[in-house]
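**Student:** Provided herewith is a single structure, encoded as structure tokens, for subsequent inquiry.
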Amino acid sequence: MLGFTILGPLGVRRDDVDVDAGGRKQRVVLALLLARAGSTVGVAELVDTLWGDDPPSSAVNVVHRHIGLLRRVLEPALPIRTTGRHVLRTATGYRLQVEESSLDLLRFRALADRAREAVEPDRAIRLYAEALALWRGPAAAGLCVHPTLVAIDAECTLVARNAADIALRHGPVGPVIPALRRAGQLNPLDEAVQARLILALAADGRQAEAVDRFHSVRRELDDELGIDPSPELLDAYERLLHRRTAPPGPRSATPVPAQLPPDLPFFSGRVDVLARAEGLLAEDRRRNRPTVALAIDGMPGVGKTTLAVHLGHRLAAHYPDGQLYVDLRGFSSRDAAMAPEEALRGFLSSLGVRPSGLPSELHALTGLFRSVVAGRRMVIVLDNCRDHEQLRHLLPASPESLVIVTSRLRLTSLISKDGGHPLPLGLPSRSEAHLFLARRLGEERVAAESAAVDEIVTRCGRLPLALALVAARAARTPELPLAEIAAELARGRDLFGFGPDAATDLRAVFALSYQALTTGAADLFRLLPLHPGPDLTVESAAALAGVDTRSAAALLGELASHTLVHHRAGRYRQHGLLRANAEDLGTSVDAAGPRRTAAIRVYEHYRASAHAAHLWLEPQLAAPDPPPVVAGVTPLRFENVGDAIAWFTAERQALLDVVAGARAHDAPDITAHLALSLQDYLHVSGRIPEWARIAAAGVEAAVALGDVPGRARLSRSLAGALYMLRDFDAARAHLRHARRIAESIGDDAQLAVVDLNSAYVRGAQRRFADAVRHGGHALDRYRRLDDVRGQAAALRAVAANVAALGRRSEAIPLLREALSLSNAAGDVRGAGHGWDLLGRTYRQNGDSRAAVDHWLRAADSYRRSGTPAACAEVLLAVGDLRHQSGDHVAGRAAWREARSALGDSTGPLARILQSRLAESA
């Protein structure tokens, strides 16, 4: 029988033999696993508990090693690297598999629950005594200070008090006195516990000891806190002297504060956040676990205070001893942040403590507050908190009360050290924003101008404070159509300044967070609007700021902790109104020259990274190497074609913005080079209209630069995009221009590609003989250049057009030869094209089975080479053939797979597939 103890001496028993867990750190790990009683303990929490703020680089490995040692302590015969039956791995940490009969904490909780439910006092006292007999000292023998262990001690203390109340009314008191002594030793300044111990001693006939206990507590209160005994303790002493040992008087004699501000009358939405908060509380109750705090964080103006007040009112019925509220002024334009001493004095005064009896020292005020609140069930809202240091003195030690904290900062220490629950608050959904406006302005007015409301919600970025300001304006002028307000916002009407005072002026609200930043983070904040795309990474932020990536990560972390950017999956995003505010600050604070330098730096980062990525896509003719990057720019490097495609996909909008931004900042060299680096990605991903726009911008940039070779390359690139868009005459015109330039500078490699592209265009125009001629010229040039990949491409072009002339028996050997060359060169994409053309040739020969077989091999090659558009095209052909043969289910499956391969592409191929799927539905 394996047994665990946590309520006192930490240990593990097997057949009543103590087993040493093997060192202090292993015992700490065991203590947390036991204290969680079957719930997961995260690896990060274990690291934080064992090493605090300075863990070694090997901390996670050391934790895993401690777990392995514990497993073998619990199961000595367990092989190394085996999980065993007791300590189980979860997604985020470890869980101790434990039953009620094997853990004293679970038995304690079960007995206490039965005692609370007992109808007969004698049975309740007996069950309480049995439970409290399991409690033999500080949880885990005081091995470490951890919120979970402190909460267990508080839980045991509360049970002792409840037991004392029943015993003092109905007797006997003897069985609960040992537990009351233990509670009194753990909490010498908890006057509620000491009052019950005094009454219990007196009821048990130990009046002298009870008197000594009162005077001892009084001296300690005076020495430690500089205060007199509370009314509850004085009442117990008076009862002792008059031989009246009934329990302390009812709490109704104590003031019941109700300090919460009024709930917002137009509150709406936030259903998911409220459900999460109540779910966390319910789960903690189910697991007999105290809820220390709910930590609400979010960007300025997102509605943190509104939510906290609403949640406080919503939960108030579950906390009948009152509500405390304080604005800690952590981010205030008018007053300094509130000192904890000021907040504590206000709380204690509201709880009936005379101002003359308040101590002056912070630690004494904290102790008195925790003593007064002990045993009470209260909601305590700590609003607008600046940091953990400001609020940690305001947290009650007892588990009965709920603390709700709001802050613009992410209060990591409240979560990791004190055991609070994070409750991040994001933007409301569009439907929630509409609902708020409907409640504020009336459903009829909003329904009558739904398009205008959509525009208002968009222009406000769904930010609750911005919505409230616009709603207030609309409410003041009910005769003003909402469409006119929406039009003002669309024309650029500045939302900053809508509010009548600093509390509602968006610029002032944002400024409070900005002013709290370090110089480096403030500088980066002002530069963020210069960054292209909807979000950024550490590497691109480093280029923008001109710092190394480690410094950039720290600066972004600071902005995220102040909720001025939002971090998710390695990327950082800024709300549109914050971006506008940052742009205002940047243009007013920073000179134009340094801002242009920062923009060019981040453009250089994208140019160099895009060049490195496009080389993995095996272009027909690689873009020339970019110039060396400027100081402060670290280009990305890629391990394989999958990494390159993934980066292009994630950064596509940013890259398109760089092309536009480079033109605006008069940097045509960046535009021209980036257009060449992007062409293969835009081609293989099926984003042909974007390819055409980027290539045209590149041609314009090359002309401005006087870059003759670059103009030839970009004219050929533009011709490729126009060919894909089936504008064959325009494609031929650009190819003729590229040929003239390539001939003038003697660029044989460029001429080979021009001939190859001309073969594609002439074939598409059904000029098959001309296409064969161009393909033959390309093949000759590639042979002279000893370009094996190029030779395979030219053979494929010749074969495709020979087959189109009806000479399919000649085409198949040519395609086999091309396939052999592609395989020899390791050209997976080229091999895919070979399989594709073989499939088409067999289809023309009427061999449907061979056609599908070759097309599926082509699709596999295209997948492996990161060529989704070509993969989708052959799957479209497979779907068409299967559908025509009567297998409609297999046909639709191939079309769906093809559409999925294209992702969010909206080009011609995507439209064809959408049409096929719609028609066959």
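Chain labels A, B, ... are given in the sequence in which chains occur in the structure tokens; within each chain residues are numbered consecutively from 1, and ligands are likewise numbered from 1 in the order shown.
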Write down as a PDB file with C-alpha atoms, in the first residue's frame the residues of region 208-379 of chain A whose backbone DSSP state falls under strand (DSSP E or B).
**Tutor:**
```
ATOM      1  CA  ALA A 258     -20.309  47.844  -0.555  1.00  0.00           C
ATOM      2  CA  ALA A 293      -7.151  36.267  -7.755  1.00  0.00           C
ATOM      3  CA  LEU A 294      -8.447  36.850 -11.262  1.00  0.00           C
ATOM      4  CA  ALA A 295      -5.924  38.984 -13.173  1.00  0.00           C
ATOM      5  CA  ILE A 296      -7.587  40.987 -15.978  1.00  0.00           C
ATOM      6  CA  ASP A 297      -5.115  42.589 -18.378  1.00  0.00           C
ATOM      7  CA  GLN A 323     -17.121  44.329  -1.515  1.00  0.00           C
ATOM      8  CA  LEU A 324     -13.991  46.446  -1.355  1.00  0.00           C
ATOM      9  CA  TYR A 325     -12.855  48.564  -4.300  1.00  0.00           C
ATOM     10  CA  VAL A 326      -9.859  50.792  -4.882  1.00  0.00           C
ATOM     11  CA  ASP A 327      -8.467  52.584  -7.926  1.00  0.00           C
ATOM     12  CA  VAL A 379     -14.974  40.511  -3.296  1.00  0.00           C
TER      13      VAL A 379
END
```
**Student:** Excluding region 109-118 of chain A and residues on its chain fewer than 3 positions from it, collect all residues at most 8 Å away from it, counting only C-alpha atoms, and give them as a short mmCIF file (atom, residue, chain, number, x, y, z; two decimals) with C-alpha atoms, in the first residue's frame.
**Tutor:**
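Output file result12.cif is given in full below:
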```cif
data_model
loop_
_atom_site.label_atom_id
_atom_site.label_comp_id
_atom_site.auth_asym_id
_atom_site.auth_seq_id
_atom_site.Cartn_x
_atom_site.Cartn_y
_atom_site.Cartn_z
CA LEU A 105 -5.12 15.87 1.98
CA LEU A 106 -7.89 14.20 -0.01
CA PRO A 121 -23.72 18.17 15.86
CA ARG A 123 -21.44 13.54 14.18
CA ALA A 124 -20.12 16.82 12.71
CA ILE A 125 -17.69 17.28 15.63
CA ARG A 126 -16.51 13.69 15.33
CA LEU A 127 -15.88 14.01 11.60
CA TYR A 128 -14.15 17.38 12.03
CA GLU A 130 -11.06 12.94 12.47
CA ALA A 131 -10.17 15.29 9.63
CA VAL A 159 -11.87 23.93 8.98
CA ASN A 288 -11.37 22.34 -3.00
#
```
**Student:** Would you mind listing what lies within 9 Å of Arg462 (chain A) as a ChimeraX atom specification, with only C-alpha atoms counted and same-chain residues fewer than 6 positions away left out?
**Tutor:** /A:302,427-430,432-433,456
**Student:** Could you save those same residues with N, CA and C atoms as a compact mmCIF listing (two decimals), in the first residue's frame?
**Tutor:**
```txt
# COMPACT_ATOMS: atom_id res chain seq x y z
N VAL A 302 -9.76 48.94 -23.46
CA VAL A 302 -10.43 47.70 -23.87
C VAL A 302 -11.57 47.32 -22.92
N LEU A 427 -10.28 42.34 -27.70
CA LEU A 427 -11.33 43.18 -28.28
C LEU A 427 -12.65 42.40 -28.33
N PRO A 428 -13.77 43.07 -28.19
CA PRO A 428 -15.04 42.38 -28.36
C PRO A 428 -15.23 41.99 -29.83
N SER A 429 -16.08 41.03 -30.08
CA SER A 429 -16.38 40.64 -31.45
C SER A 429 -17.20 41.74 -32.12
N ARG A 430 -17.32 41.64 -33.44
CA ARG A 430 -18.13 42.63 -34.16
C ARG A 430 -19.58 42.61 -33.68
N GLU A 432 -20.65 41.79 -30.72
CA GLU A 432 -20.71 42.42 -29.39
C GLU A 432 -20.63 43.94 -29.51
N ALA A 433 -19.81 44.43 -30.45
CA ALA A 433 -19.72 45.87 -30.66
C ALA A 433 -21.06 46.42 -31.15
N ILE A 456 -18.72 52.40 -38.45
CA ILE A 456 -18.27 52.94 -37.16
C ILE A 456 -17.48 51.89 -36.39
```
**Student:** Would you list, as an MDAnalysis selection string, the residues of region 551-678 of chain A that end up in helix (DSSP H, G or I) under DSSP run on this structure's backbone?
**Tutor:** chainID A and resid 551:561 576:589 592:615 641:664 668:678
**Student:** Which residue out of A:Gly298, A:Gly832, A:Gly706, A:Gly576 has the minimum interatomic distance to Asp669 (chain A) when only C-alpha atoms are used?
**Tutor:** A:Gly706
**Student:** Give me, as a Markdown table, the closest atom pair and its distance (Å, one decimal) for every residue of region 207-250 of chain A within a cut-off of 10 Å of region 358-363 of chain A, counting only C-alpha atoms, rows sorted by chain and rising number.
**Tutor:**
```
| residue | atom | partner | partner_atom | distance |
| --- | --- | --- | --- | --- |
| A:Asp222 | CA | A:Pro359 | CA | 9.5 |
| A:Glu224 | CA | A:His363 | CA | 8.8 |
| A:Leu225 | CA | A:Pro359 | CA | 6.1 |
| A:Gly226 | CA | A:Pro359 | CA | 5.5 |
| A:Ile227 | CA | A:Pro359 | CA | 6.4 |
| A:Asp228 | CA | A:Leu358 | CA | 9.2 |
```
**Student:** Store the residues of this selection in a file with C-alpha atoms, as an mmCIF file, in the first residue's frame.
**Tutor:**
```cif
data_model
loop_
_atom_site.group_PDB
_atom_site.id
_atom_site.type_symbol
_atom_site.label_atom_id
_atom_site.label_comp_id
_atom_site.auth_asym_id
_atom_site.auth_seq_id
_atom_site.Cartn_x
_atom_site.Cartn_y
_atom_site.Cartn_z
ATOM 1 C CA ASP A 222 1.172 45.442 20.156
ATOM 2 C CA GLU A 224 4.212 43.328 15.774
ATOM 3 C CA LEU A 225 1.438 45.631 14.575
ATOM 4 C CA GLY A 226 1.225 48.349 17.196
ATOM 5 C CA ILE A 227 -2.545 47.861 17.607
ATOM 6 C CA ASP A 228 -5.019 46.914 20.287
#
```
